[in-house]
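The next block holds one structure in the form of structure tokens; read it before the comments.
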Amino acid sequence: MGNIILKCNNLSKSFGKRKILKNVTFSINKGDILGFIGPNGSGKTTTIKCILGLNKIDSGNVYINDYNIENNFEKAIEKVGCIVENPDLYMYLTGRQNLKLIASMYNNIDKSRINEVINIVGLSSRINDKVSKYSLGMRQRLGIAQALLHNPNLLIFDEPTNGLDPEGIKDLRTLLKELADNGMAILISSHNLSELESFCNKICIIKNGTVIETNDVTSIKREKKSSIYEFEIDDTSKLKDTLENFDIINDKIFEITIEKEDIPFIIKELVKREINIYGVNEKTLTLEEAFLNKTGGNKID
């Protein structure tokens, strides 16, 4: 599989007569941060539980680091770190004591590794304080430190920004980017689309148990081959009888839906009519707008 860390292949899962997952397929490469999004009840949490072996798969396969979780669960799961919503922490213990407790559950995690993850998540100055004195952002960092103790190369987060203030979200975003830059593969299920847009490089959209698109963020936000381009010129009143199907935004800016290959033709036509051009920019949808369009208006509640 090369750089593929996680591969879900045709996952199907039913509870009774209700089919929750229908041939769910996607993969995550080394260094990817993949946002897993969909309306409530679309199958996100069930997929994560299938990946982690918490739900039995009806059909299909999950491979982690080339190991099939059905046939070789221990090897598949040994390099996975996970936080579902808020991390489980002992509030009356210090941050370091929490990490020592988790480390005791693994083999070969020594004091130096504990110190290393403390530095990675930026808690060195507060690690000996009781967790009850931590902000939500600091608790999330400690949870990530716990997930990193055993040197995983895949992190799975379900709603990691729940309850975080803007500063906590910013800190989490910075940390996840740094981890991905160092080769970590990260899967994040979240309702906070504006935040996902700011740090994910790939998005997987699921609706009614079916993956409807997996792609890089830019491609997800581009509806079709043609895009809306914004032209800044000296005077939009000069456009009369020059172009077709354009929208004047103000006296300096107009928008037109064209393919990228048509931009030189538009520029040539404008120059021919002595219209000065100051800029051309592609206008893209937000991730939330693209999500609503692709799911038929299904909001994430």
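Chain labels follow the order of the structure tokens: the first chain is A, the next B, and so on; residue numbering restarts at 1 in every chain, and ligands are counted from 1 in their shown order.
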
Counting only C-alpha atoms, which residues of stretch 98-211 of chain A fall within 9 Å of stretch 6-17 of chain A, and what is the closest atom pair for each with its distance in Å at one decimal, ordered by chain and rising number, as a tab-separated table?
```
residue	atom	partner	partner_atom	distance
A:Leu154	CA	A:Leu6	CA	7.8
A:Ala185	CA	A:Leu6	CA	8.1
A:Gly209	CA	A:Ser12	CA	8.5
```

Give me the residues within 12 Å of stretch 238-242 of chain A as a ChimeraX atom specification, counting only C-alpha atoms and dropping any in the same chain fewer than 2 places off. /A:231-236,244-248,251-255,265-277

Atom-to-atom span, atom CA of A:Leu176 and atom CA of A:Glu289, Å: 24.2 Å

Applying 7 Å and only C-alpha atoms, which residues near A:Lys221 remain after dropping the ones on its own chain fewer than 5 positions away? List them as a list of chain:residue names.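 Those residues are A:Thr284, A:Leu285, A:Thr286, A:Leu287, A:Ala290.
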
Taking all heavy atoms for each residue, export the selection above as an mmCIF file, in the first residue's frame.
```cif
data_model
loop_
_atom_site.group_PDB
_atom_site.id
_atom_site.type_symbol
_atom_site.label_atom_id
_atom_site.label_comp_id
_atom_site.auth_asym_id
_atom_site.auth_seq_id
_atom_site.Cartn_x
_atom_site.Cartn_y
_atom_site.Cartn_z
ATOM 1 N N THR A 284 -14.080 30.703 -4.763
ATOM 2 C CA THR A 284 -14.416 29.337 -4.369
ATOM 3 C C THR A 284 -15.472 29.334 -3.274
ATOM 4 O O THR A 284 -15.630 30.298 -2.531
ATOM 5 C CB THR A 284 -13.175 28.577 -3.870
ATOM 6 O OG1 THR A 284 -12.621 29.275 -2.751
ATOM 7 C CG2 THR A 284 -12.136 28.467 -4.969
ATOM 8 N N LEU A 285 -16.183 28.212 -3.176
ATOM 9 C CA LEU A 285 -17.150 28.032 -2.111
ATOM 10 C C LEU A 285 -16.432 27.777 -0.793
ATOM 11 O O LEU A 285 -15.278 27.342 -0.765
ATOM 12 C CB LEU A 285 -18.036 26.814 -2.413
ATOM 13 C CG LEU A 285 -18.877 26.838 -3.683
ATOM 14 C CD1 LEU A 285 -19.561 25.485 -3.862
ATOM 15 C CD2 LEU A 285 -19.919 27.938 -3.636
ATOM 16 N N THR A 286 -17.094 28.054 0.314
ATOM 17 C CA THR A 286 -16.585 27.578 1.588
ATOM 18 C C THR A 286 -16.862 26.082 1.667
ATOM 19 O O THR A 286 -17.688 25.544 0.921
ATOM 20 C CB THR A 286 -17.273 28.273 2.774
ATOM 21 O OG1 THR A 286 -18.667 27.904 2.789
ATOM 22 C CG2 THR A 286 -17.148 29.791 2.671
ATOM 23 N N LEU A 287 -16.193 25.403 2.588
ATOM 24 C CA LEU A 287 -16.433 23.974 2.762
ATOM 25 C C LEU A 287 -17.885 23.726 3.153
ATOM 26 O O LEU A 287 -18.515 22.768 2.684
ATOM 27 C CB LEU A 287 -15.490 23.406 3.828
ATOM 28 C CG LEU A 287 -15.632 21.913 4.119
ATOM 29 C CD1 LEU A 287 -15.423 21.078 2.864
ATOM 30 C CD2 LEU A 287 -14.652 21.497 5.219
ATOM 31 N N ALA A 290 -20.064 24.033 0.040
ATOM 32 C CA ALA A 290 -19.881 22.855 -0.818
ATOM 33 C C ALA A 290 -20.577 21.640 -0.216
ATOM 34 O O ALA A 290 -21.216 20.856 -0.929
ATOM 35 C CB ALA A 290 -18.389 22.574 -0.999
#
```

I'd like the neighbourhood of A:His150 as a list in words, where a residue qualifies if any of its atoms comes within 8 Å (using only C-alpha atoms), though same-chain residues fewer than 3 positions away should be ignored.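 Answer for this query is Lys79, Ala103, Tyr106, Ile109 and Ala147 of chain A.
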
Point-to-point distance in Å for atom CA of A:Glu288 and atom CA of A:Asp165: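 Going from atom CA of A:Asp165 over to atom CA of A:Glu288 covers 20.3 Å.
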
Quick one: everything within 12 Å of A:Phe73, counting only C-alpha atoms, minus sequence neighbours fewer than 4 positions away in the same chain. Send it as a ChimeraX atom specification. /A:50-54,56,61-69,77-80

File of the preceding selection, N, CA, C and O atoms, as a compact mmCIF listing (two decimals), in the first residue's frame:
```txt
# COMPACT_ATOMS: atom_id res chain seq x y z
N CYS A 50 -15.99 0.87 13.67
CA CYS A 50 -15.57 -0.28 12.86
C CYS A 50 -14.06 -0.27 12.65
O CYS A 50 -13.40 -1.32 12.72
N ILE A 51 -13.50 0.91 12.42
CA ILE A 51 -12.05 1.03 12.23
C ILE A 51 -11.31 0.58 13.50
O ILE A 51 -10.28 -0.10 13.43
N LEU A 52 -11.85 0.96 14.66
CA LEU A 52 -11.19 0.67 15.93
C LEU A 52 -11.53 -0.71 16.48
O LEU A 52 -11.05 -1.09 17.56
N GLY A 53 -12.35 -1.47 15.76
CA GLY A 53 -12.71 -2.80 16.22
C GLY A 53 -13.77 -2.81 17.31
O GLY A 53 -14.00 -3.83 17.97
N LEU A 54 -14.43 -1.67 17.53
CA LEU A 54 -15.48 -1.58 18.55
C LEU A 54 -16.82 -2.07 18.02
O LEU A 54 -17.71 -2.39 18.80
N LYS A 56 -18.36 -4.84 15.07
CA LYS A 56 -18.00 -5.90 14.14
C LYS A 56 -18.46 -5.51 12.74
O LYS A 56 -19.58 -5.04 12.55
N ASN A 61 -13.40 -4.56 4.49
CA ASN A 61 -12.13 -4.69 5.21
C ASN A 61 -11.60 -3.34 5.66
O ASN A 61 -11.81 -2.32 5.00
N VAL A 62 -10.90 -3.36 6.79
CA VAL A 62 -10.13 -2.21 7.27
C VAL A 62 -8.68 -2.65 7.38
O VAL A 62 -8.37 -3.65 8.04
N TYR A 63 -7.79 -1.91 6.71
CA TYR A 63 -6.37 -2.16 6.80
C TYR A 63 -5.69 -0.97 7.46
O TYR A 63 -5.89 0.18 7.05
N ILE A 64 -4.89 -1.24 8.49
CA ILE A 64 -4.08 -0.20 9.13
C ILE A 64 -2.64 -0.66 9.08
O ILE A 64 -2.30 -1.74 9.58
N ASN A 65 -1.81 0.15 8.41
CA ASN A 65 -0.41 -0.23 8.21
C ASN A 65 -0.28 -1.62 7.59
O ASN A 65 0.55 -2.45 8.00
N ASP A 66 -1.17 -1.89 6.63
CA ASP A 66 -1.19 -3.14 5.85
C ASP A 66 -1.75 -4.34 6.61
O ASP A 66 -1.82 -5.44 6.06
N TYR A 67 -2.15 -4.15 7.86
CA TYR A 67 -2.73 -5.26 8.63
C TYR A 67 -4.25 -5.18 8.61
O TYR A 67 -4.84 -4.12 8.86
N ASN A 68 -4.88 -6.28 8.34
CA ASN A 68 -6.33 -6.37 8.34
C ASN A 68 -6.82 -6.50 9.80
O ASN A 68 -6.38 -7.40 10.53
N ILE A 69 -7.70 -5.61 10.23
CA ILE A 69 -8.10 -5.62 11.64
C ILE A 69 -8.88 -6.88 12.01
O ILE A 69 -8.94 -7.26 13.18
N ILE A 77 -3.88 -2.43 15.30
CA ILE A 77 -4.28 -1.36 16.20
C ILE A 77 -3.13 -0.80 17.03
O ILE A 77 -3.26 0.24 17.68
N GLU A 78 -1.97 -1.46 16.99
CA GLU A 78 -0.89 -1.07 17.91
C GLU A 78 -0.32 0.32 17.62
O GLU A 78 0.28 0.93 18.51
N LYS A 79 -0.50 0.83 16.41
CA LYS A 79 0.02 2.16 16.11
C LYS A 79 -1.11 3.17 15.86
O LYS A 79 -0.99 4.07 15.04
N VAL A 80 -2.21 2.99 16.58
CA VAL A 80 -3.35 3.90 16.47
C VAL A 80 -3.56 4.62 17.79
O VAL A 80 -3.57 4.00 18.86
```

Would you return as a VMD selection string the members of stretch 185-274 of chain A that DSSP assigns to strand (DSSP E or B) on this structure's backbone? chain A and resid 185 to 189 202 to 207 210 to 216 227 to 233 246 to 248 253 to 258

Export, as a PDB file, in the first residue's frame, the selected residues with C-alpha atoms.
```
ATOM      1  CA  ALA A 185      -1.969  10.342   9.395  1.00  0.00           C
ATOM      2  CA  ILE A 186      -4.994  11.945  11.060  1.00  0.00           C
ATOM      3  CA  LEU A 187      -8.720  11.214  10.736  1.00  0.00           C
ATOM      4  CA  ILE A 188     -11.061  13.822  12.213  1.00  0.00           C
ATOM      5  CA  SER A 189     -14.831  13.595  12.426  1.00  0.00           C
ATOM      6  CA  LYS A 202      -8.590  16.095   2.380  1.00  0.00           C
ATOM      7  CA  ILE A 203     -12.311  15.692   3.004  1.00  0.00           C
ATOM      8  CA  CYS A 204     -14.559  12.614   2.944  1.00  0.00           C
ATOM      9  CA  ILE A 205     -18.322  13.314   2.800  1.00  0.00           C
ATOM     10  CA  ILE A 206     -20.720  10.589   3.939  1.00  0.00           C
ATOM     11  CA  LYS A 207     -24.505  10.685   3.639  1.00  0.00           C
ATOM     12  CA  THR A 210     -22.635   6.095   1.671  1.00  0.00           C
ATOM     13  CA  VAL A 211     -19.473   8.025   0.802  1.00  0.00           C
ATOM     14  CA  ILE A 212     -20.473  10.573  -1.829  1.00  0.00           C
ATOM     15  CA  GLU A 213     -17.046  12.127  -2.359  1.00  0.00           C
ATOM     16  CA  THR A 214     -13.474  11.927  -1.102  1.00  0.00           C
ATOM     17  CA  ASN A 215     -11.062  14.515  -2.425  1.00  0.00           C
ATOM     18  CA  ASP A 216      -8.645  17.294  -1.555  1.00  0.00           C
ATOM     19  CA  SER A 227     -15.611  28.197 -11.791  1.00  0.00           C
ATOM     20  CA  ILE A 228     -16.585  31.732 -10.909  1.00  0.00           C
ATOM     21  CA  TYR A 229     -13.783  34.185 -11.631  1.00  0.00           C
ATOM     22  CA  GLU A 230     -13.667  37.727 -10.294  1.00  0.00           C
ATOM     23  CA  PHE A 231     -12.139  40.353 -12.591  1.00  0.00           C
ATOM     24  CA  GLU A 232     -11.015  43.725 -11.272  1.00  0.00           C
ATOM     25  CA  ILE A 233     -10.926  46.344 -14.033  1.00  0.00           C
ATOM     26  CA  PHE A 246     -21.390  38.149 -16.427  1.00  0.00           C
ATOM     27  CA  ASP A 247     -22.466  39.825 -13.186  1.00  0.00           C
ATOM     28  CA  ILE A 248     -21.387  43.349 -12.284  1.00  0.00           C
ATOM     29  CA  ILE A 253     -15.442  44.297 -10.283  1.00  0.00           C
ATOM     30  CA  PHE A 254     -17.422  41.785 -12.331  1.00  0.00           C
ATOM     31  CA  GLU A 255     -17.822  38.008 -12.034  1.00  0.00           C
ATOM     32  CA  ILE A 256     -18.155  35.423 -14.772  1.00  0.00           C
ATOM     33  CA  THR A 257     -18.499  31.615 -14.751  1.00  0.00           C
ATOM     34  CA  ILE A 258     -15.979  30.105 -17.145  1.00  0.00           C
TER      35      ILE A 258
END
```

Applying 10 Å and only C-alpha atoms, which residues near A:Asp181 remain after dropping the ones on its own chain fewer than 2 positions away? List them as a JSON list (two decimals) with all heavy atoms, in the first residue's frame.
```json
[["chain", "number", "residue", "atom", "x", "y", "z"],
["A", 30, "LYS", "N", 0.09, 8.79, 4.68],
["A", 30, "LYS", "CA", 1.03, 9.41, 5.61],
["A", 30, "LYS", "C", 1.02, 10.92, 5.42],
["A", 30, "LYS", "O", 1.14, 11.42, 4.29],
["A", 30, "LYS", "CB", 2.44, 8.85, 5.34],
["A", 30, "LYS", "CG", 3.54, 9.40, 6.20],
["A", 30, "LYS", "CD", 4.86, 8.76, 5.82],
["A", 30, "LYS", "CE", 6.00, 9.32, 6.67],
["A", 30, "LYS", "NZ", 7.30, 8.72, 6.30],
["A", 31, "GLY", "N", 0.85, 11.68, 6.50],
["A", 31, "GLY", "CA", 0.87, 13.14, 6.43],
["A", 31, "GLY", "C", -0.47, 13.77, 6.09],
["A", 31, "GLY", "O", -0.58, 15.00, 6.06],
["A", 32, "ASP", "N", -1.50, 12.96, 5.84],
["A", 32, "ASP", "CA", -2.83, 13.49, 5.55],
["A", 32, "ASP", "C", -3.57, 13.87, 6.82],
["A", 32, "ASP", "O", -3.46, 13.19, 7.85],
["A", 32, "ASP", "CB", -3.70, 12.45, 4.84],
["A", 32, "ASP", "CG", -3.45, 12.36, 3.34],
["A", 32, "ASP", "OD1", -2.81, 13.29, 2.80],
["A", 32, "ASP", "OD2", -3.89, 11.38, 2.72],
["A", 33, "ILE", "N", -4.36, 14.95, 6.74],
["A", 33, "ILE", "CA", -5.38, 15.23, 7.75],
["A", 33, "ILE", "C", -6.70, 15.18, 7.00],
["A", 33, "ILE", "O", -7.02, 16.05, 6.19],
["A", 33, "ILE", "CB", -5.21, 16.61, 8.41],
["A", 33, "ILE", "CG1", -3.82, 16.77, 9.01],
["A", 33, "ILE", "CG2", -6.27, 16.80, 9.50],
["A", 33, "ILE", "CD1", -3.58, 18.13, 9.67],
["A", 175, "LEU", "N", -1.12, 22.23, 16.47],
["A", 175, "LEU", "CA", -0.53, 20.97, 16.88],
["A", 175, "LEU", "C", -0.78, 19.88, 15.83],
["A", 175, "LEU", "O", 0.13, 19.14, 15.46],
["A", 175, "LEU", "CB", -1.09, 20.54, 18.23],
["A", 175, "LEU", "CG", -0.64, 19.17, 18.76],
["A", 175, "LEU", "CD1", 0.88, 19.11, 18.87],
["A", 175, "LEU", "CD2", -1.28, 18.90, 20.11],
["A", 176, "LEU", "N", -2.00, 19.79, 15.33],
["A", 176, "LEU", "CA", -2.31, 18.75, 14.34],
["A", 176, "LEU", "C", -1.53, 18.95, 13.05],
["A", 176, "LEU", "O", -1.07, 17.98, 12.44],
["A", 176, "LEU", "CB", -3.82, 18.74, 14.06],
["A", 176, "LEU", "CG", -4.72, 18.31, 15.23],
["A", 176, "LEU", "CD1", -6.18, 18.31, 14.81],
["A", 176, "LEU", "CD2", -4.32, 16.96, 15.77],
["A", 177, "LYS", "N", -1.37, 20.20, 12.64],
["A", 177, "LYS", "CA", -0.58, 20.48, 11.45],
["A", 177, "LYS", "C", 0.87, 20.04, 11.64],
["A", 177, "LYS", "O", 1.48, 19.47, 10.73],
["A", 177, "LYS", "CB", -0.64, 21.97, 11.10],
["A", 177, "LYS", "CG", -1.92, 22.42, 10.45],
["A", 177, "LYS", "CD", -1.84, 23.90, 10.09],
["A", 177, "LYS", "CE", -3.05, 24.36, 9.30],
["A", 177, "LYS", "NZ", -2.96, 25.80, 8.95],
["A", 178, "GLU", "N", 1.41, 20.31, 12.82],
["A", 178, "GLU", "CA", 2.80, 19.91, 13.10],
["A", 178, "GLU", "C", 2.94, 18.39, 13.07],
["A", 178, "GLU", "O", 3.91, 17.85, 12.53],
["A", 178, "GLU", "CB", 3.24, 20.46, 14.46],
["A", 178, "GLU", "CG", 3.43, 21.97, 14.48],
["A", 178, "GLU", "CD", 3.72, 22.49, 15.88],
["A", 178, "GLU", "OE1", 3.66, 21.69, 16.85],
["A", 178, "GLU", "OE2", 3.99, 23.70, 16.02],
["A", 179, "LEU", "N", 1.97, 17.69, 13.65],
["A", 179, "LEU", "CA", 2.01, 16.23, 13.66],
["A", 179, "LEU", "C", 1.94, 15.68, 12.23],
["A", 179, "LEU", "O", 2.67, 14.74, 11.88],
["A", 179, "LEU", "CB", 0.87, 15.68, 14.51],
["A", 179, "LEU", "CG", 0.95, 15.93, 16.02],
["A", 179, "LEU", "CD1", -0.34, 15.50, 16.70],
["A", 179, "LEU", "CD2", 2.14, 15.21, 16.63],
["A", 183, "GLY", "N", 4.60, 13.42, 9.44],
["A", 183, "GLY", "CA", 4.24, 12.12, 8.87],
["A", 183, "GLY", "C", 3.05, 11.43, 9.48],
["A", 183, "GLY", "O", 2.70, 10.33, 9.05],
["A", 184, "MET", "N", 2.42, 12.04, 10.50],
["A", 184, "MET", "CA", 1.25, 11.42, 11.12],
["A", 184, "MET", "C", 0.07, 11.44, 10.16],
["A", 184, "MET", "O", -0.15, 12.42, 9.45],
["A", 184, "MET", "CB", 0.88, 12.18, 12.40],
["A", 184, "MET", "CG", -0.16, 11.49, 13.25],
["A", 184, "MET", "SD", 0.54, 10.14, 14.23],
["A", 184, "MET", "CE", 1.58, 11.07, 15.37],
["A", 185, "ALA", "N", -0.69, 10.36, 10.11],
["A", 185, "ALA", "CA", -1.97, 10.34, 9.39],
["A", 185, "ALA", "C", -3.07, 10.61, 10.41],
["A", 185, "ALA", "O", -3.08, 10.01, 11.49],
["A", 185, "ALA", "CB", -2.19, 9.00, 8.71]]
```

Of the residues A:Ser194, A:Asn250, A:Pro39, A:Arg222, which is the one nearest to A:Gly296, using only C-alpha atoms? A:Pro39

Would you give me, as a count of residues only, the residues in stretch 66-196 of chain A that DSSP reads as alpha helix (DSSP H)? 58

Using only C-alpha atoms, which of A:Lys133, A:Lys260, A:Lys100, A:His191 sits nearest A:Pro160?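 For A:Pro160, the nearest of the candidates is A:His191.
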